[in-house]
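> Sharing coords-v6.cif (mmCIF, C-alpha atoms and all ligand atoms) below.
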```cif
data_final
#
loop_
_atom_site.label_atom_id
_atom_site.label_comp_id
_atom_site.auth_asym_id
_atom_site.auth_seq_id
_atom_site.Cartn_x
_atom_site.Cartn_y
_atom_site.Cartn_z
CA MET L 1 -5.87 -24.65 -18.01
CA VAL L 2 -9.04 -24.47 -15.91
CA LEU L 3 -6.82 -23.48 -13.00
CA ASP L 4 -5.20 -20.74 -15.06
CA GLU L 5 -8.65 -19.47 -16.02
CA ALA L 6 -9.62 -19.32 -12.34
CA LYS L 7 -6.44 -17.43 -11.46
CA ARG L 8 -6.90 -15.09 -14.42
CA ASN L 9 -10.49 -14.33 -13.35
CA ALA L 10 -9.35 -13.45 -9.82
CA ALA L 11 -6.62 -11.20 -11.23
CA ALA L 12 -9.01 -9.50 -13.64
CA ALA L 13 -11.46 -8.73 -10.81
CA ALA L 14 -8.68 -7.00 -8.85
CA MET L 15 -8.35 -4.43 -11.65
CA GLU L 16 -11.50 -2.69 -10.45
CA PHE L 17 -9.59 -1.55 -7.33
CA VAL L 18 -6.85 0.11 -9.38
CA GLU L 19 -7.01 3.89 -9.75
CA ASP L 20 -4.96 6.36 -11.74
CA GLY L 21 -1.99 7.69 -9.79
CA MET L 22 -1.67 4.71 -7.44
CA VAL L 23 1.54 3.14 -6.22
CA ILE L 24 0.83 -0.59 -6.37
CA GLY L 25 2.65 -3.48 -4.69
CA LEU L 26 3.06 -6.26 -7.24
CA GLY L 27 2.91 -9.74 -5.74
CA THR L 28 4.75 -12.88 -6.77
CA GLY L 29 3.55 -16.14 -8.29
CA SER L 30 1.38 -17.23 -11.19
CA THR L 31 -1.81 -15.46 -10.07
CA ALA L 32 -0.02 -12.20 -9.31
CA SER L 33 1.66 -12.47 -12.73
CA PHE L 34 -1.76 -12.49 -14.40
CA PHE L 35 -2.52 -9.26 -12.52
CA VAL L 36 0.74 -7.69 -13.77
CA GLU L 37 -0.32 -8.62 -17.32
CA PHE L 38 -3.73 -6.95 -16.89
CA LEU L 39 -2.09 -3.91 -15.34
CA ALA L 40 0.35 -3.67 -18.26
CA GLU L 41 -2.57 -3.66 -20.71
CA GLU L 42 -4.15 -0.69 -18.88
CA VAL L 43 -0.78 1.11 -18.73
CA GLU L 44 -0.58 0.68 -22.47
CA GLU L 45 -4.01 2.35 -22.68
CA GLY L 46 -2.79 5.33 -20.63
CA LEU L 47 -3.24 4.36 -16.97
CA SER L 48 -0.63 6.09 -14.81
CA VAL L 49 0.57 3.89 -11.93
CA LYS L 50 3.85 2.88 -10.42
CA GLY L 51 4.60 -0.70 -9.35
CA VAL L 52 6.67 -1.95 -6.44
CA PRO L 53 7.66 -5.57 -7.14
CA THR L 54 7.90 -8.14 -4.35
CA SER L 55 10.53 -10.30 -6.08
CA GLU L 56 13.18 -10.25 -8.78
CA ALA L 57 10.89 -12.43 -10.91
CA THR L 58 8.03 -9.93 -10.72
CA HIS L 59 10.47 -7.06 -11.30
CA LYS L 60 11.62 -8.74 -14.52
CA LEU L 61 8.06 -9.46 -15.69
CA ALA L 62 6.84 -5.91 -14.99
CA MET L 63 9.86 -4.42 -16.76
CA GLU L 64 9.33 -6.64 -19.80
CA LEU L 65 5.64 -5.68 -19.99
CA GLY L 66 6.28 -1.96 -19.57
CA VAL L 67 4.80 -1.36 -16.12
CA PRO L 68 6.62 1.67 -14.61
CA LEU L 69 8.38 0.74 -11.38
CA LEU L 70 9.44 2.64 -8.30
CA PRO L 71 12.59 1.57 -6.41
CA VAL L 72 11.47 0.47 -2.96
CA GLU L 73 13.83 3.02 -1.32
CA GLN L 74 11.84 5.83 -2.98
CA VAL L 75 8.41 4.59 -1.91
CA GLU L 76 6.57 6.88 0.48
CA ARG L 77 3.16 5.29 0.27
CA ILE L 78 1.77 2.10 -1.26
CA HIS L 79 -1.93 2.56 -1.94
CA LEU L 80 -2.70 -1.02 -2.92
CA THR L 81 -0.95 -4.38 -3.06
CA ILE L 82 -2.23 -7.30 -5.09
CA ASP L 83 -0.70 -10.66 -4.26
CA GLY L 84 -1.47 -14.36 -4.33
CA ALA L 85 -1.56 -16.84 -1.45
CA ASP L 86 -0.94 -20.53 -0.89
CA GLU L 87 -3.70 -21.04 1.66
CA ILE L 88 -6.49 -18.80 3.02
CA ASP L 89 -8.52 -19.50 6.15
CA ALA L 90 -12.01 -18.36 7.11
CA HIS L 91 -10.59 -15.19 8.75
CA ALA L 92 -8.47 -14.21 5.72
CA ASN L 93 -5.29 -15.34 7.43
CA LEU L 94 -2.82 -16.66 4.89
CA ILE L 95 0.08 -18.97 4.28
CA LYS L 96 2.41 -17.41 1.73
CA GLY L 97 5.89 -18.12 0.46
CA GLY L 98 5.32 -21.05 -1.86
CA GLY L 99 7.20 -19.00 -4.44
CA GLY L 100 9.93 -18.13 -1.94
CA ALA L 101 9.18 -14.40 -1.87
CA LEU L 102 7.58 -14.15 1.58
CA LEU L 103 10.04 -11.65 3.06
CA ARG L 104 9.61 -8.95 0.42
CA GLU L 105 5.91 -9.79 0.13
CA LYS L 106 5.40 -9.21 3.85
CA ILE L 107 7.40 -5.96 3.90
CA ILE L 108 5.34 -4.59 1.00
CA ALA L 109 2.01 -5.85 2.38
CA ASN L 110 2.75 -4.37 5.78
CA ALA L 111 3.50 -0.97 4.20
CA SER L 112 0.32 -0.95 2.10
CA ASP L 113 -2.94 0.89 2.72
CA HIS L 114 -4.92 -2.02 1.28
CA VAL L 115 -3.85 -5.59 0.50
CA ILE L 116 -5.93 -7.68 -1.86
CA VAL L 117 -5.31 -11.40 -2.15
CA ILE L 118 -6.14 -13.08 -5.42
CA ALA L 119 -6.33 -16.85 -5.66
CA TYR L 120 -8.26 -19.68 -7.18
CA ALA L 121 -11.10 -20.74 -4.94
CA GLY L 122 -9.55 -24.13 -4.07
CA LYS L 123 -7.02 -22.43 -1.77
CA VAL L 124 -9.56 -21.76 0.95
CA ALA L 125 -9.36 -24.00 4.04
CA GLU L 126 -11.14 -24.00 7.40
CA THR L 127 -7.79 -24.07 9.23
CA LEU L 128 -4.33 -23.25 7.91
CA GLY L 129 -1.70 -25.97 7.66
CA SER L 130 -2.38 -28.23 4.69
CA PHE L 131 0.15 -26.20 2.71
CA PRO L 132 3.64 -26.53 4.25
CA LEU L 133 4.50 -23.34 6.11
CA PRO L 134 7.59 -21.63 4.62
CA VAL L 135 10.05 -20.14 7.09
CA GLU L 136 12.93 -18.05 5.71
CA VAL L 137 16.17 -18.55 7.65
CA THR L 138 19.76 -17.35 7.42
CA PRO L 139 22.15 -19.86 5.84
CA PHE L 140 24.42 -19.48 8.87
CA GLY L 141 23.34 -21.99 11.49
CA PHE L 142 20.28 -23.15 9.57
CA THR L 143 20.39 -26.70 10.97
CA LEU L 144 20.35 -25.26 14.51
CA THR L 145 17.58 -22.84 13.56
CA ALA L 146 15.60 -25.73 12.05
CA LYS L 147 15.63 -27.52 15.43
CA LYS L 148 14.29 -24.39 17.14
CA VAL L 149 11.64 -24.04 14.46
CA TYR L 150 10.58 -27.64 15.09
CA ASP L 151 10.39 -26.96 18.85
CA ALA L 152 8.32 -23.80 18.29
CA LEU L 153 5.87 -25.68 16.11
CA ARG L 154 5.53 -28.46 18.70
CA LYS L 155 5.07 -25.97 21.55
CA THR L 156 2.27 -24.21 19.72
CA GLY L 157 0.20 -27.34 19.30
CA ILE L 158 1.41 -28.81 16.02
CA ASP L 159 1.63 -32.57 16.22
CA LYS L 160 4.69 -34.20 14.61
CA PRO L 161 5.75 -31.36 12.31
CA VAL L 162 8.27 -32.14 9.58
CA VAL L 163 10.80 -29.40 8.80
CA LYS L 164 12.55 -29.67 5.42
CA LEU L 165 15.10 -27.47 3.70
CA ARG L 166 13.68 -26.36 0.34
CA GLU L 167 15.80 -27.55 -2.58
CA ALA L 168 16.45 -25.40 -5.64
CA SER L 169 14.67 -26.56 -8.75
CA GLY L 170 16.81 -27.56 -11.70
CA LYS L 171 20.13 -27.53 -9.83
CA PRO L 172 21.56 -29.25 -6.76
CA GLY L 173 21.56 -27.55 -3.37
CA PRO L 174 19.16 -25.40 -1.37
CA LEU L 175 16.95 -22.74 -2.88
CA VAL L 176 18.42 -19.30 -2.20
CA THR L 177 15.87 -16.49 -1.87
CA ASP L 178 16.15 -13.00 -3.35
CA GLY L 179 17.48 -11.96 0.06
CA GLY L 180 20.21 -14.65 0.04
CA ASN L 181 18.50 -16.87 2.61
CA TYR L 182 17.18 -20.46 2.79
CA ILE L 183 13.62 -21.66 3.22
CA LEU L 184 12.45 -24.34 5.61
CA ASP L 185 9.15 -25.86 4.54
CA CYS L 186 7.27 -27.00 7.63
CA GLU L 187 4.64 -29.69 7.16
CA CYS L 188 2.15 -29.05 9.93
CA LYS L 189 -1.09 -30.60 8.61
CA THR L 190 -3.00 -28.18 10.82
CA ILE L 191 -1.95 -25.01 12.67
CA PRO L 192 -4.39 -24.74 15.60
CA SER L 193 -3.20 -21.33 16.81
CA PRO L 194 -1.63 -19.32 13.96
CA GLN L 195 -1.02 -16.28 16.20
CA ALA L 196 0.92 -18.35 18.76
CA THR L 197 2.92 -20.09 16.04
CA ALA L 198 3.71 -16.78 14.32
CA LEU L 199 4.96 -15.27 17.57
CA ALA L 200 7.02 -18.33 18.52
CA LEU L 201 8.71 -18.40 15.10
CA SER L 202 9.39 -14.69 14.93
CA VAL L 203 11.52 -14.66 18.12
CA ILE L 204 13.93 -17.39 16.98
CA PRO L 205 17.38 -16.00 16.08
CA GLY L 206 18.09 -17.03 12.49
CA VAL L 207 14.45 -16.85 11.42
CA VAL L 208 14.24 -13.95 8.99
CA GLU L 209 10.48 -14.20 8.35
CA HIS L 210 7.70 -16.76 8.28
CA GLY L 211 4.86 -17.29 5.85
CA LEU L 212 1.96 -16.68 8.23
CA PHE L 213 0.28 -13.46 7.07
CA LEU L 214 -2.24 -12.78 9.82
CA SER L 215 -4.79 -9.94 9.66
CA MET L 216 -2.91 -8.38 6.75
CA THR L 217 -5.66 -8.46 4.17
CA ARG L 218 -9.31 -7.49 4.26
CA THR L 219 -10.16 -8.27 0.66
CA VAL L 220 -9.89 -11.72 -0.87
CA ILE L 221 -10.82 -12.36 -4.49
CA LEU L 222 -11.50 -15.99 -5.30
CA GLY L 223 -11.59 -17.04 -8.91
CA ASP L 224 -13.05 -20.08 -10.62
CA GLU L 225 -13.60 -20.91 -14.26
CA GLU L 226 -16.86 -18.93 -14.30
CA GLY L 227 -15.68 -15.67 -12.73
CA ALA L 228 -14.63 -14.25 -9.38
CA GLU L 229 -16.11 -13.55 -5.96
CA ILE L 230 -14.93 -10.58 -3.88
CA LEU L 231 -14.97 -11.21 -0.11
CA GLU L 232 -14.55 -8.36 2.38
CA PHE L 233 -13.41 -9.10 5.95
CA GLU L 234 -13.71 -6.96 9.10
CA TYR L 235 -11.14 -7.08 11.92
C1 LIG L 301 5.09 -16.45 -3.38
C2 LIG L 301 3.71 -16.52 -2.86
C3 LIG L 301 2.63 -16.68 -3.87
O1 LIG L 301 1.74 -15.62 -3.74
C4 LIG L 301 1.93 -17.97 -3.64
O2 LIG L 301 2.90 -19.02 -3.71
C5 LIG L 301 0.83 -18.22 -4.66
O3 LIG L 301 1.37 -18.49 -5.91
P1 LIG L 301 0.45 -18.90 -7.14
O4 LIG L 301 -0.40 -17.72 -7.48
O5 LIG L 301 1.43 -19.26 -8.23
O6 LIG L 301 -0.38 -20.10 -6.74
O7 LIG L 301 3.44 -16.43 -1.70
O8 LIG L 301 6.03 -16.36 -2.33
#
```
Step by step, read the file and then write its structure as structure tokens.


Amino acid sequence: MVLDEAKRNAAAAAMEFVEDGMVIGLGTGSTASFFVEFLAEEVEEGLSVKGVPTSEATHKLAMELGVPLLPVEQVERIHLTIDGADEIDAHANLIKGGGGALLREKIIANASDHVIVIAYAGKVAETLGSFPLPVEVTPFGFTLTAKKVYDALRKTGIDKPVVKLREASGKPGPLVTDGGNYILDCECKTIPSPQATALALSVIPGVVEHGLFLSMTRTVILGDEEGAEILEFEY
């Protein structure tokens, strides 16, 4: 409950960046869902925006709450994206993908003028890696790809990584993403050089995307039970 309050406070603070007429990327996860709820309330009051969801789950939520949506194929410009994160370092680099939506989240973030991350304050860490790094891979050859992922992690300074196929919740078998892929969760403990790891992962055939979001956001809103703090980063 306290955690929900912290997430809700971060989401509420993001509303001050929303302007009439914006096309807004809608993130995935519990914190981003609070933002969609706040946005829906303003839409009800007459705010005119269009949302671009980053997952089927967010699409469903936004539809149910009456937030107008734009099919991604029709998007020409995304003014603002509001999304959560699993871990945030001191340079606003992120691990994302705990909810399995990293591919669409990264496409939308990369196409956005401004990305704002909303999270409860406990997600900040000096160095990334406590949260297992999600890597989305094609089902074809995923065991071979997993070995290459392990090698890439080792080569970029990660000691004894553990690479695990993410299981679906509530049914047997692997989790299948909105894009029809699998997720490898990579326990790294610490990622000493996120840029090197990101590059090494991105060149492996079979890796569709990884959850390192580096230099993609300049605004981080951290919530706690009292309120929210807005942090601005320079590159
Ligand atoms: C989904 C994500 C989410 O943004 C991340 O998992 C944070 O979720 P929550 O707000 O529920 O803690 O990256 O792929």

> What separation in Å, quoted to one decimal, exists between atom CA of Ala62 of chain L and atom CA of Arg8 of chain L?

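Atom-to-atom, atom CA of Ala62 of chain L to atom CA of Arg8 of chain L, that is 16.5 Å.
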
> Around ligand LIG 301 (chain L), which protein and nucleic acid residues have at least one atom no more than 9 Å from it, if we count only C-alpha atoms and all ligand atoms? List them as a PyMOL selection string.

chain L and resi 7+27-34+54-55+83-87+95-105+117-120+123+134+211

> Would you compute the distance between atom CA of Asn93 of chain L and atom CA of Leu201 of chain L? Give it in Å to one decimal.

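Separating atom CA of Asn93 of chain L from atom CA of Leu201 of chain L is a distance of 16.3 Å.
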
> I need the residue nearest Ala146 of chain L from this list: L:Asp185, L:Met216, L:Leu26, L:Glu73. Use only C-alpha atoms for the distance.

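Checking each candidate against Ala146 of chain L, we get L:Asp185 as the closest.
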
> Using all atoms listed in the file, pick whichever of L:Thr81, L:Gln74, L:Ser112, L:Ser48 has the shortest atom-to-atom distance to Phe35 of chain L.

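Residue with the minimum atom-to-atom distance to Phe35 of chain L: L:Thr81.
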
> Using all atoms listed in the file, find all polymer residues with an atom at most 12 Å away from the point (-1.0, -11.8, 17.9); report them as a list of chain:residue names.

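Residues lying no farther than 12 Å from the given point: L:Asn93, L:Ser193, L:Pro194, L:Gln195, L:Ala196, L:Thr197, L:Ala198, L:Leu199, L:Ala200, L:Ser202, L:Leu212, L:Phe213, L:Leu214, L:Ser215, L:Met216.
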
> Give me, as a Markdown table, each residue of segment 114-135 of chain L that comes within 10 Å of segment 159-173 of chain L, together with its shortest interatomic pair and the distance in Å at one decimal, counting only C-alpha atoms, with rows ordered by chain and rising residue number.


```
| residue | atom | partner | partner_atom | distance |
| --- | --- | --- | --- | --- |
| L:Pro132 | CA | L:Val163 | CA | 9.0 |
| L:Leu133 | CA | L:Val163 | CA | 9.1 |
| L:Pro134 | CA | L:Arg166 | CA | 8.8 |
| L:Val135 | CA | L:Val163 | CA | 9.4 |
```

> What residues have an atom no more than 12 Å from (-3.0, 8.5, -12.6) in the file's own frame, counting only C-alpha atoms, and can you write them as a list in words?

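Looking at atoms near the point gives Val18, Glu19, Asp20, Gly21, Met22, Val23, Ile24, Glu42, Val43, Glu45, Gly46, Leu47, Ser48, Val49, Lys50 and Pro68 of chain L.
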
> To one decimal in Å, tell me the separation between atom CA of Val2 of chain L and atom CA of Ala109 of chain L.

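Atom-to-atom, atom CA of Val2 of chain L and atom CA of Ala109 of chain L are spaced 28.3 Å apart.
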
> Which one is closest to Glu136 of chain L: L:Ala228, L:Ile221, L:Ala10, L:Val149? Count only C-alpha atoms.

L:Val149

> For Glu225 of chain L, which of L:Ile183, L:Ile107, L:Ala121, L:Val52 is the closest residue, counting all atoms listed in the file?

L:Ala121
